[in-house]
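Asker: You'll find model01.txt just under this line, and it carries compact mmCIF, C-alpha atoms.
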```
# COMPACT_ATOMS: atom_id res chain seq x y z
CA MET W 1 115.84 72.52 105.02
CA PRO W 2 116.27 74.54 108.20
CA ILE W 3 114.98 78.07 108.39
CA THR W 4 117.82 80.18 109.68
CA VAL W 5 118.49 83.86 110.10
CA SER W 6 122.21 84.46 109.62
CA THR W 7 124.34 86.96 111.50
CA PRO W 8 122.14 87.49 114.56
CA ASP W 9 124.16 90.54 115.58
CA ALA W 10 123.44 92.23 112.27
CA SER W 11 119.77 91.39 112.54
CA ALA W 12 119.60 92.83 116.04
CA SER W 13 121.32 96.05 115.00
CA ALA W 14 119.18 96.46 111.92
CA GLY W 15 116.20 97.78 113.83
CA ARG W 16 112.61 96.67 113.78
CA LEU W 17 111.74 98.80 110.77
CA LEU W 18 114.64 97.75 108.56
CA PRO W 19 112.93 94.76 106.85
CA ALA W 20 110.05 97.05 105.85
CA VAL W 21 112.49 99.64 104.49
CA LEU W 22 114.32 96.96 102.48
CA LEU W 23 111.06 95.85 100.94
CA LEU W 24 110.13 99.48 100.24
CA LEU W 25 113.30 99.89 98.17
CA THR W 26 111.93 97.43 95.63
CA VAL W 27 109.38 100.01 94.42
CA PHE W 28 112.13 101.94 92.60
CA GLY W 29 111.97 99.75 89.51
CA PRO W 30 108.24 99.11 89.04
CA ILE W 31 107.10 102.59 90.07
CA SER W 32 109.69 104.28 87.85
CA MET W 33 108.61 102.10 84.93
CA ASP W 34 104.88 101.74 85.37
CA LEU W 35 103.49 105.01 86.69
CA TYR W 36 103.66 106.95 83.44
CA LEU W 37 102.99 104.08 81.01
CA PRO W 38 99.28 104.94 80.64
CA LEU W 39 100.33 108.38 79.37
CA LEU W 40 103.16 107.20 77.13
CA PRO W 41 101.12 107.81 73.94
CA ALA W 42 100.25 111.32 75.19
CA LEU W 43 103.92 111.97 75.95
CA THR W 44 104.76 110.91 72.39
CA LEU W 45 102.38 113.50 70.96
CA ASP W 46 103.30 116.27 73.38
CA LEU W 47 107.02 116.05 72.61
CA SER W 48 106.44 115.43 68.86
CA ALA W 49 108.36 112.17 69.14
CA THR W 50 108.18 108.93 67.22
CA THR W 51 106.93 105.77 68.89
CA SER W 52 110.45 104.33 69.00
CA MET W 53 111.87 107.52 70.54
CA ALA W 54 109.17 107.55 73.21
CA GLN W 55 109.92 103.90 73.99
CA LEU W 56 113.56 104.86 74.44
CA THR W 57 112.46 106.67 77.62
CA VAL W 58 111.57 103.20 78.90
CA THR W 59 114.79 101.69 77.57
CA ALA W 60 116.93 104.46 79.08
CA CYS W 61 115.46 103.84 82.53
CA LEU W 62 116.07 100.10 82.18
CA LEU W 63 119.68 100.58 81.12
CA GLY W 64 120.18 103.08 83.93
CA LEU W 65 118.79 100.61 86.47
CA ALA W 66 121.25 98.01 85.14
CA LEU W 67 124.22 100.40 85.26
CA GLY W 68 123.32 101.70 88.72
CA GLN W 69 123.28 98.19 90.14
CA LEU W 70 126.57 97.33 88.46
CA ILE W 71 128.21 100.33 90.14
CA ALA W 72 126.48 100.27 93.52
CA GLY W 73 126.82 96.54 94.24
CA PRO W 74 130.62 96.41 94.53
CA LEU W 75 130.71 99.83 96.25
CA SER W 76 128.29 98.59 98.91
CA ASP W 77 130.48 95.51 99.51
CA ARG W 78 133.40 97.88 100.18
CA PHE W 79 131.82 100.87 101.95
CA GLY W 80 128.68 99.35 103.48
CA ARG W 81 125.06 99.60 102.40
CA ARG W 82 123.80 102.81 104.04
CA GLY W 83 126.08 105.47 102.53
CA PRO W 84 125.70 104.46 98.86
CA LEU W 85 121.96 104.02 99.41
CA LEU W 86 121.48 107.57 100.71
CA ILE W 87 123.42 108.97 97.73
CA GLY W 88 121.33 106.91 95.33
CA VAL W 89 117.98 107.99 96.76
CA ILE W 90 118.99 111.67 96.71
CA GLY W 91 120.01 111.28 93.07
CA TYR W 92 116.67 109.66 92.31
CA VAL W 93 114.76 112.63 93.72
CA VAL W 94 116.82 115.11 91.66
CA MET W 95 116.52 113.15 88.42
CA SER W 96 112.76 112.62 88.81
CA ALA W 97 112.34 116.39 89.10
CA TRP W 98 114.49 116.84 85.98
CA CYS W 99 112.23 114.44 84.06
CA ALA W 100 109.23 116.59 84.97
CA ILE W 101 110.71 119.70 83.33
CA ALA W 102 112.46 118.10 80.32
CA PRO W 103 111.64 120.24 77.24
CA SER W 104 112.43 117.59 74.61
CA VAL W 105 112.33 113.84 74.24
CA GLU W 106 116.15 113.73 73.94
CA LEU W 107 116.62 115.45 77.31
CA LEU W 108 113.91 113.26 78.82
CA ILE W 109 115.79 110.17 77.65
CA GLY W 110 118.95 111.47 79.33
CA ALA W 111 117.09 112.25 82.52
CA ARG W 112 115.49 108.81 82.54
CA LEU W 113 118.91 107.19 82.15
CA LEU W 114 120.26 108.99 85.21
CA GLN W 115 117.03 108.39 87.12
CA GLY W 116 117.51 104.69 86.46
CA VAL W 117 121.15 104.79 87.61
CA ALA W 118 120.06 106.33 90.91
CA GLY W 119 117.14 103.91 91.30
CA GLY W 120 119.37 100.91 90.66
CA VAL W 121 121.21 101.62 93.91
CA GLY W 122 118.09 100.88 95.95
CA LEU W 123 117.33 97.68 94.06
CA VAL W 124 120.76 96.12 94.45
CA ILE W 125 121.07 97.06 98.12
CA ALA W 126 117.63 95.61 98.90
CA GLN W 127 118.90 92.24 97.65
CA ALA W 128 122.38 92.48 99.14
CA ALA W 129 121.19 93.64 102.57
CA GLY W 130 118.70 90.77 102.61
CA ARG W 131 121.59 88.37 101.97
CA ASP W 132 123.47 90.05 104.85
CA LEU W 133 120.64 89.24 107.23
CA TYR W 134 119.09 85.96 106.08
CA SER W 135 119.98 82.47 104.92
CA GLY W 136 118.22 79.17 104.49
CA GLY W 137 114.47 79.18 104.09
CA ALA W 138 114.30 82.70 105.48
CA LEU W 139 116.29 83.99 102.50
CA ILE W 140 114.00 82.26 99.99
CA ARG W 141 110.97 83.76 101.72
CA TYR W 142 112.60 87.18 101.73
CA PHE W 143 113.17 87.08 97.97
CA GLY W 144 109.58 85.94 97.60
CA ARG W 145 108.45 89.02 99.54
CA LEU W 146 110.54 91.22 97.24
CA THR W 147 108.74 89.68 94.28
CA VAL W 148 105.34 90.18 95.90
CA LEU W 149 106.01 93.81 96.71
CA SER W 150 107.34 94.58 93.25
CA GLY W 151 104.11 93.12 91.91
CA LEU W 152 102.10 95.23 94.33
CA ALA W 153 104.02 98.33 93.22
CA ALA W 154 103.33 97.36 89.62
CA ILE W 155 99.61 97.27 90.45
CA VAL W 156 99.67 100.60 92.24
CA GLY W 157 101.84 102.24 89.56
CA PRO W 158 99.59 102.00 86.50
CA LEU W 159 96.41 102.34 88.54
CA ALA W 160 97.76 105.52 90.12
CA GLY W 161 98.98 106.62 86.71
CA GLY W 162 95.55 106.06 85.20
CA LEU W 163 93.89 107.99 88.00
CA LEU W 164 96.41 110.82 87.92
CA ALA W 165 96.00 111.01 84.15
CA THR W 166 92.52 112.42 84.79
CA VAL W 167 93.94 115.44 86.66
CA ALA W 168 97.55 115.80 85.48
CA ASP W 169 99.72 115.34 82.40
CA TRP W 170 102.82 113.17 82.15
CA ARG W 171 104.94 115.89 83.76
CA GLY W 172 102.71 115.76 86.82
CA LEU W 173 103.35 112.02 87.07
CA PHE W 174 107.08 112.63 87.27
CA LEU W 175 106.48 115.14 90.04
CA PHE W 176 104.60 112.36 91.82
CA LEU W 177 107.68 110.14 91.42
CA THR W 178 109.73 112.95 92.96
CA ALA W 179 107.45 112.93 95.99
CA ILE W 180 107.77 109.15 96.28
CA GLY W 181 111.54 109.54 96.20
CA VAL W 182 111.41 112.07 99.05
CA ALA W 183 109.29 109.68 101.13
CA ILE W 184 111.75 106.83 100.54
CA LEU W 185 114.67 109.13 101.40
CA LEU W 186 113.10 109.95 104.77
CA ALA W 187 112.45 106.26 105.47
CA VAL W 188 116.05 105.35 104.63
CA PHE W 189 117.53 108.21 106.66
CA PHE W 190 115.60 107.43 109.83
CA ALA W 191 115.12 103.64 109.66
CA PHE W 192 117.94 102.08 107.64
CA ALA W 193 120.64 100.72 109.94
CA GLU W 194 123.86 99.41 108.43
CA THR W 195 123.63 95.66 107.68
CA LEU W 196 127.26 95.04 106.64
CA PRO W 197 129.67 95.43 109.59
CA ARG W 198 133.15 96.81 108.87
CA ASP W 199 134.84 93.48 109.53
CA ARG W 200 132.81 91.85 106.75
CA ARG W 201 133.49 94.46 104.06
CA VAL W 202 135.86 93.72 101.22
CA SER W 203 139.04 95.72 100.76
CA GLY W 204 140.94 96.77 97.67
CA GLY W 205 140.08 98.85 94.65
CA PHE W 206 139.13 98.13 91.07
CA ALA W 207 141.41 95.09 90.81
CA HIS W 208 139.62 93.40 93.72
CA THR W 209 136.23 94.16 92.15
CA ALA W 210 137.40 92.73 88.83
CA ASP W 211 138.57 89.56 90.62
CA GLY W 212 135.12 89.25 92.17
CA TYR W 213 133.43 89.53 88.80
CA ARG W 214 135.80 86.94 87.32
CA THR W 215 135.01 84.54 90.16
CA LEU W 216 131.29 84.90 89.54
CA LEU W 217 131.52 84.63 85.76
CA ARG W 218 133.56 81.42 86.01
CA ASP W 219 130.72 79.79 87.94
CA ARG W 220 128.46 78.24 85.31
CA ARG W 221 125.59 77.86 87.78
CA PHE W 222 125.69 81.56 88.66
CA VAL W 223 125.91 82.46 84.96
CA GLY W 224 123.00 80.16 84.22
CA ALA W 225 120.82 81.82 86.85
CA VAL W 226 121.77 85.26 85.51
CA LEU W 227 120.98 84.28 81.90
CA VAL W 228 117.64 82.71 82.79
CA SER W 229 116.68 85.80 84.75
CA GLY W 230 117.90 88.12 81.99
CA PHE W 231 116.07 86.43 79.14
CA VAL W 232 112.85 86.15 81.15
CA SER W 233 113.17 89.86 81.93
CA ALA W 234 113.56 90.59 78.21
CA ALA W 235 110.12 89.08 77.66
CA LEU W 236 108.69 90.94 80.67
CA PHE W 237 109.98 94.34 79.62
CA ALA W 238 108.91 93.81 76.03
CA TYR W 239 105.44 93.51 77.54
CA LEU W 240 105.95 96.65 79.64
CA ALA W 241 107.05 98.65 76.60
CA GLY W 242 104.51 97.27 74.13
CA ALA W 243 101.34 96.55 76.10
CA THR W 244 100.20 100.16 76.24
CA TYR W 245 100.36 100.49 72.44
CA VAL W 246 98.74 97.10 71.88
CA LEU W 247 95.90 97.47 74.38
CA GLN W 248 95.22 101.17 73.83
CA GLY W 249 96.29 101.63 70.22
CA ILE W 250 95.17 98.38 68.62
CA TYR W 251 92.34 97.29 70.92
CA GLY W 252 91.13 100.77 71.89
CA LEU W 253 91.29 100.55 75.70
CA SER W 254 91.18 103.86 77.58
CA PRO W 255 94.05 104.76 79.96
CA GLN W 256 91.87 103.69 82.89
CA GLN W 257 90.94 100.38 81.23
CA TYR W 258 94.58 99.78 80.41
CA ALA W 259 95.50 100.47 84.02
CA LEU W 260 92.94 97.88 85.18
CA ALA W 261 94.28 95.27 82.74
CA PHE W 262 97.82 96.04 83.85
CA GLY W 263 96.75 95.81 87.47
CA LEU W 264 95.23 92.36 86.86
CA ASN W 265 98.49 91.12 85.41
CA SER W 266 100.46 92.63 88.27
CA ALA W 267 98.14 90.95 90.76
CA GLY W 268 99.02 87.65 89.11
CA PHE W 269 102.68 88.55 89.43
CA MET W 270 102.24 89.24 93.13
CA VAL W 271 100.21 86.10 93.94
CA PHE W 272 102.43 83.72 91.98
CA GLY W 273 105.58 85.31 93.37
CA TRP W 274 104.36 84.47 96.87
CA LEU W 275 103.42 80.93 95.83
CA ALA W 276 106.82 80.47 94.18
CA ALA W 277 108.67 81.32 97.40
CA ARG W 278 106.59 78.78 99.33
CA SER W 279 106.97 76.04 96.71
CA ALA W 280 110.71 76.67 96.27
CA GLU W 281 111.23 76.28 100.02
CA ARG W 282 109.07 73.15 100.37
CA TRP W 283 109.51 71.53 96.96
CA SER W 284 112.66 72.49 95.02
CA LEU W 285 114.19 75.55 93.41
CA HIS W 286 114.70 73.77 90.11
CA GLY W 287 111.16 72.40 89.93
CA THR W 288 109.69 75.81 90.72
CA LEU W 289 111.87 77.43 88.06
CA VAL W 290 110.83 74.94 85.36
CA THR W 291 107.16 75.44 86.26
CA GLY W 292 107.56 79.20 85.88
CA LEU W 293 109.25 78.86 82.51
CA ALA W 294 106.44 76.59 81.28
CA MET W 295 103.90 79.27 82.26
CA CYS W 296 105.98 81.92 80.49
CA ALA W 297 106.10 79.80 77.33
CA LEU W 298 102.33 79.31 77.34
CA GLY W 299 101.70 83.03 77.69
CA ALA W 300 104.25 84.02 75.04
CA LEU W 301 102.83 81.55 72.53
CA GLY W 302 99.37 82.95 73.23
CA LEU W 303 100.60 86.46 72.36
CA LEU W 304 102.19 85.23 69.16
CA ALA W 305 98.99 83.42 68.18
CA ALA W 306 96.94 86.55 68.91
CA ALA W 307 99.26 88.60 66.71
CA VAL W 308 99.06 86.18 63.81
CA ALA W 309 95.32 85.41 63.98
CA ALA W 310 94.03 88.78 65.33
CA LEU W 311 92.42 87.13 68.36
CA PRO W 312 90.15 89.07 70.78
CA VAL W 313 91.51 91.31 73.50
CA GLY W 314 90.56 88.78 76.18
CA VAL W 315 93.05 86.30 74.74
CA VAL W 316 95.77 88.94 74.79
CA ILE W 317 95.08 89.95 78.41
CA GLY W 318 94.90 86.29 79.47
CA SER W 319 98.19 85.49 77.73
CA LEU W 320 99.85 88.47 79.37
CA LEU W 321 98.55 87.32 82.76
CA VAL W 322 100.05 83.84 82.31
CA LEU W 323 103.33 85.31 81.03
CA VAL W 324 103.92 87.76 83.88
CA SER W 325 102.76 85.23 86.49
CA GLY W 326 105.32 82.80 85.11
CA VAL W 327 108.03 85.46 85.36
CA ALA W 328 107.11 85.90 89.04
CA VAL W 329 107.45 82.15 89.62
CA THR W 330 110.98 82.17 88.19
CA THR W 331 112.20 85.12 90.27
CA PRO W 332 112.70 83.69 93.82
CA PRO W 333 114.52 80.53 92.62
CA THR W 334 116.85 82.33 90.19
CA THR W 335 117.72 84.98 92.79
CA THR W 336 118.38 82.37 95.48
CA ILE W 337 120.48 80.20 93.15
CA ALA W 338 122.56 83.20 92.09
CA LEU W 339 123.26 84.58 95.59
CA ALA W 340 123.31 81.42 97.73
CA GLY W 341 127.00 80.64 97.35
CA TYR W 342 128.38 84.17 97.67
CA PRO W 343 127.51 85.76 101.03
CA GLN W 344 130.96 87.37 101.13
CA MET W 345 130.22 89.50 98.04
CA ALA W 346 126.45 89.67 97.92
CA GLY W 347 126.48 93.20 96.51
CA THR W 348 128.68 92.27 93.57
CA ALA W 349 126.67 89.12 92.80
CA SER W 350 123.39 91.01 93.12
CA SER W 351 124.68 93.74 90.80
CA LEU W 352 125.37 91.28 88.00
CA LEU W 353 121.98 89.65 88.45
CA GLY W 354 120.17 92.99 88.42
CA MET W 355 122.25 94.27 85.52
CA ALA W 356 121.24 91.31 83.38
CA ARG W 357 117.56 91.76 84.20
CA PHE W 358 117.45 95.41 83.20
CA ALA W 359 120.04 95.35 80.41
CA PHE W 360 118.31 92.46 78.63
CA GLY W 361 114.97 94.16 79.20
CA GLY W 362 116.33 97.47 77.91
CA ALA W 363 117.62 95.81 74.76
CA ALA W 364 114.28 94.11 74.07
CA ALA W 365 111.94 97.03 74.82
CA PRO W 366 112.61 99.21 71.72
CA LEU W 367 112.32 96.20 69.40
CA VAL W 368 108.61 96.00 70.22
CA GLY W 369 108.00 99.21 68.23
CA ILE W 370 110.22 98.32 65.30
CA ALA W 371 107.24 97.68 63.00
CA GLY W 372 105.24 100.68 64.25
CA ALA W 373 102.32 100.96 66.65
CA GLY W 374 99.82 99.16 64.42
CA THR W 375 100.97 95.56 64.96
CA MET W 376 101.71 93.36 67.96
CA LEU W 377 103.71 90.78 66.00
CA PRO W 378 107.10 92.00 67.32
CA LEU W 379 105.77 91.65 70.88
CA GLY W 380 104.82 88.04 70.23
CA VAL W 381 108.11 87.18 68.54
CA ILE W 382 110.29 88.82 71.20
CA THR W 383 108.50 87.21 74.14
CA VAL W 384 108.70 83.75 72.54
CA ALA W 385 112.40 84.20 71.72
CA GLY W 386 113.21 85.43 75.23
CA ILE W 387 111.52 82.49 76.93
CA ALA W 388 113.12 80.00 74.52
CA LEU W 389 116.59 81.37 75.34
CA ALA W 390 115.79 81.28 79.06
CA ALA W 391 114.76 77.63 78.79
CA ALA W 392 117.99 76.82 76.96
CA SER W 393 120.00 78.49 79.73
CA VAL W 394 118.58 76.09 82.34
CA ALA W 395 121.14 73.57 81.10
CA LEU W 396 123.81 75.59 82.93
CA LEU W 397 122.12 75.03 86.29
CA ALA W 398 123.64 71.62 86.92
CA PRO W 399 124.63 71.16 90.60
CA ARG W 400 128.09 72.59 91.29
CA ARG W 401 130.61 71.14 93.67
CA ASN W 402 132.02 74.48 94.82
CA ALA W 403 128.70 75.99 95.96
CA THR W 404 129.08 74.66 99.50
CA GLU W 405 132.80 75.47 99.49
CA ALA W 406 132.13 79.09 98.53
CA ALA W 407 129.38 79.48 101.11
CA SER W 408 131.43 77.91 103.88
CA THR W 409 134.18 80.53 103.55
CA ASP W 410 131.97 83.05 105.40
CA PRO W 411 132.09 82.43 109.17
CA HIS W 412 129.20 84.84 109.71
CA THR W 413 126.66 82.61 107.91
CA PRO W 414 126.55 79.22 109.66
CA ALA W 415 123.60 78.10 107.56
CA ALA W 416 125.15 79.07 104.22
CA ASP W 417 126.16 75.49 103.48
CA ALA W 418 122.58 74.33 103.93
CA LEU W 419 121.40 77.09 101.64
CA ALA W 420 123.91 76.21 98.96
CA THR W 421 122.83 72.58 99.16
CA ALA W 422 119.20 73.64 98.81
CA ALA W 423 120.07 75.74 95.80
CA ASP W 424 121.43 72.63 94.09
CA ARG W 425 118.17 70.72 94.54
```
Using the file provided, produce a representation of the structure as structure tokens.
Answerer:
Amino acid sequence: MPITVSTPDASASAGRLLPAVLLLLTVFGPISMDLYLPLLPALTLDLSATTSMAQLTVTACLLGLALGQLIAGPLSDRFGRRGPLLIGVIGYVVMSAWCAIAPSVELLIGARLLQGVAGGVGLVIAQAAGRDLYSGGALIRYFGRLTVLSGLAAIVGPLAGGLLATVADWRGLFLFLTAIGVAILLAVFFAFAETLPRDRRVSGGFAHTADGYRTLLRDRRFVGAVLVSGFVSAALFAYLAGATYVLQGIYGLSPQQYALAFGLNSAGFMVFGWLAARSAERWSLHGTLVTGLAMCALGALGLLAAAVAALPVGVVIGSLLVLVSGVAVTTPPTTTIALAGYPQMAGTASSLLGMARFAFGGAAAPLVGIAGAGTMLPLGVITVAGIALAAASVALLAPRRNATEAASTDPHTPAADALATAADR
């Protein structure tokens, strides 16, 4: 498969720093989720909240990230990428500061929801702008880099959270997120050049957006990629919500030890995300996806076995490592399959994909605490169920005839037909 960069004019106008800024936008999700996880039990005590209520702060952020992408994707197809992105980053800074001063868990949940909405803008535009600029093997590698950087942010997040926990409380961690938001805002303002020229933007209002969603949802291959990604994310975010209670509450790890365990798993996510992009480009998207799902299944079954038989903490950490590494392997192929055929509405397609990831994850996260903090059985059951549903959804990924037709409608992406063909491999 040829390695092609689409729309040379857009690439030239983007500026030398734009690819780095696009990758930087991927830290919104993992940093927002992971930084304060080591202090989630302390937050629960400080706000006199139940375990389930405290976990709703995680769920609210996930749902906000899903909603933000659903809104920002179509808007960026219509108005360009830069304007909505600047609004989103400013909103993220404001909402992060609000989280730091929230006096009750209910207000914190509301602040986290809005923080997620603002953060979702950056996530969806990072994917859509990448689709504006790249096609062919270059696009697969780009999505692999997004996966790697999100894994790196997931390493830095809990490690930084564990270190900051020695000198600050959970409110201080949200102030740190505010500072990160300011840094990203400056990078976007000075280095983000528009990637979607006016002549490639869609026109029309809500009716046109609804037509775009209908087109996508009638494509079984797109729906299959979205469902696989969503169900895998449900297992991943069940881990994010439950691991701190399992490793610290049940197995007695300190916040710093938990951060190290979390960092190990995130390192696996980063390494296997990079390997997945290389294998998907050289081998096949479908084969890489199936390999990732097999890894996820092995890890999820290990968690379930540990819950039933009270296995040592090493088994739990090892199972989590295999699970999250498998999730990383599935990410580049599912993203490429979902976006390959729709360069003309990359923002809308990316919004549905991102919405599924965070909405499914948000629905699964509070279920981990349904039996209280003293058992990890719900974590094992939810991860196994999520991976089983993801595997069942692979049946929808049969090659589609209209993939090349859809891609070929965009005169600005001469390699889109090759990419669509590759996505059917």
Asker: Of the candidates W:Val121, W:Ala165, W:Asn265, W:Ser203, which one gets nearest to Ile87 (chain W) if we count all atoms listed in the file?
Answerer: W:Val121
Asker: Please report the interatomic distance between CA of Cys99 (chain W) and CA of Phe174 (chain W) in Å with one decimal.
Answerer: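 Distance between the two atoms: 6.3 Å.
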Asker: Out of W:Gly120, W:Pro41, W:Gly212, W:Gly318, which residue has the shortest atom-to-atom distance to Ala54 (chain W) when counting only C-alpha atoms?
Answerer: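 Looking only at the distances to Ala54 (chain W), the closest residue turns out to be W:Pro41.
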Asker: Tell me which of W:Ser150, W:Ser393, W:Gln256, W:Thr57 sits closest to Ala102 (chain W), counting all atoms listed in the file.
Answerer: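 Nearest to Ala102 (chain W): W:Thr57.
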Asker: To test the calculation: enclose all listed atoms of region 81-90 of chain W in a box whose edges run along x, y and z, add 3 Å on each side, then state centre and edge lengths in Å to one decimal, as JSON.
Answerer:
```
{"center_x": 122.0, "center_y": 105.6, "center_z": 99.7, "size_x": 14.1, "size_y": 18.1, "size_z": 14.7}
```
Asker: May I have the residues within 9 Å of Thr147 (chain W) as a list of chain:residue names, using only C-alpha atoms and disregarding those fewer than 3 positions away in the same chain?
Answerer: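 Counting only C-alpha atoms, the residues come to W:Thr26, W:Tyr142, W:Phe143, W:Gly144, W:Ser150, W:Gly151, W:Leu152, W:Phe269, W:Met270, W:Phe272, W:Gly273, W:Trp274, W:Ala277, W:Ala328, W:Val329, W:Thr331, W:Pro332.
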Asker: Could you jot down the CA of Leu289 (chain W) to CA of Ala60 (chain W) separation for me, Å, one decimal place?
Answerer: 28.9 Å
Asker: Please, which residues are within 10 Å of (119.5, 90.8, 101.8) by the file's coordinates, counting all atoms listed in the file, and could they come as a list in words?
Answerer: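 All residues meeting the 10 Å criterion around (119.5, 90.8, 101.8) are Pro19, Leu22, Leu23, Val124, Ile125, Ala126, Gln127, Ala128, Ala129, Gly130, Arg131, Asp132, Leu133, Tyr134, Ser135, Leu139, Tyr142, Phe143, Thr195, Leu339, Pro343, Ala346, Gly347 and Ser350 of chain W.
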Asker: Please measure the separation of CA of Arg218 (chain W) and CA of Ala238 (chain W), giving the value in Å to one decimal.
Answerer: 29.3 Å
Asker: List as a short mmCIF file (atom, residue, chain, number, x, y, z; two decimals) with C-alpha atoms, keeping the file's coordinate frame the residues having at least one atom at most 7 Å from position (114.9, 91.1, 74.5) as given in the file, counting all atoms listed in the file.
Answerer:
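Written file, point_23.cif:
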```cif
data_model
loop_
_atom_site.label_atom_id
_atom_site.label_comp_id
_atom_site.auth_asym_id
_atom_site.auth_seq_id
_atom_site.Cartn_x
_atom_site.Cartn_y
_atom_site.Cartn_z
CA PHE W 231 116.07 86.43 79.14
CA ALA W 234 113.56 90.59 78.21
CA ALA W 235 110.12 89.08 77.66
CA ALA W 238 108.91 93.81 76.03
CA PHE W 360 118.31 92.46 78.63
CA GLY W 361 114.97 94.16 79.20
CA ALA W 363 117.62 95.81 74.76
CA ALA W 364 114.28 94.11 74.07
CA ALA W 365 111.94 97.03 74.82
CA ILE W 382 110.29 88.82 71.20
CA GLY W 386 113.21 85.43 75.23
#
```
Asker: Skipping near chain neighbours, those fewer than 6 positions away, what residues fall within 12 Å of Leu367 (chain W) using only C-alpha atoms, listed as a list in words?
Answerer: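 Here the qualifying residues turn out to be Thr51, Ser52, Met53, Gln55, Leu56, Val58, Thr59, Ala234, Ala235, Phe237, Ala238, Tyr239, Ala241, Gly242, Phe360, Gly361, Ala373, Met376, Leu377, Pro378, Leu379, Gly380, Val381, Ile382 and Thr383 of chain W.
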Asker: Skipping near chain neighbours, those fewer than 2 positions away, what residues fall within 12 Å of region 156-162 of chain W using all atoms listed in the file, listed as number ranges by chain?
Answerer: W: 27-40, 149-154, 164-177, 180, 240, 243-244, 253-267, 270
Asker: Find the residues around region 62-77 of chain W up to 6 Å (only C-alpha atoms counted), leave out those fewer than 5 positions away in its own chain, and share them as an mmCIF file with C-alpha atoms, in the frame of the given file.
Answerer:
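Once written, part18.cif looks like this:
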```cif
data_model
loop_
_atom_site.group_PDB
_atom_site.id
_atom_site.type_symbol
_atom_site.label_atom_id
_atom_site.label_comp_id
_atom_site.auth_asym_id
_atom_site.auth_seq_id
_atom_site.Cartn_x
_atom_site.Cartn_y
_atom_site.Cartn_z
ATOM 1 C CA LEU W 113 118.910 107.190 82.150
ATOM 2 C CA GLY W 116 117.510 104.690 86.460
ATOM 3 C CA VAL W 117 121.150 104.790 87.610
ATOM 4 C CA GLY W 120 119.370 100.910 90.660
ATOM 5 C CA VAL W 121 121.210 101.620 93.910
ATOM 6 C CA VAL W 124 120.760 96.120 94.450
ATOM 7 C CA ARG W 201 133.490 94.460 104.060
ATOM 8 C CA VAL W 202 135.860 93.720 101.220
ATOM 9 C CA GLY W 347 126.480 93.200 96.510
ATOM 10 C CA THR W 348 128.680 92.270 93.570
ATOM 11 C CA SER W 351 124.680 93.740 90.800
ATOM 12 C CA MET W 355 122.250 94.270 85.520
ATOM 13 C CA PHE W 358 117.450 95.410 83.200
ATOM 14 C CA ALA W 359 120.040 95.350 80.410
ATOM 15 C CA GLY W 362 116.330 97.470 77.910
#
```
Asker: Compare W:Ser229, W:Ser319, W:Ser48, W:Thr330 by their minimum atom-to-atom distance to Thr291 (chain W), counting all atoms listed in the file, and give me the closest one.
Answerer: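 Closest to Thr291 (chain W), using all atoms listed in the file: W:Thr330.
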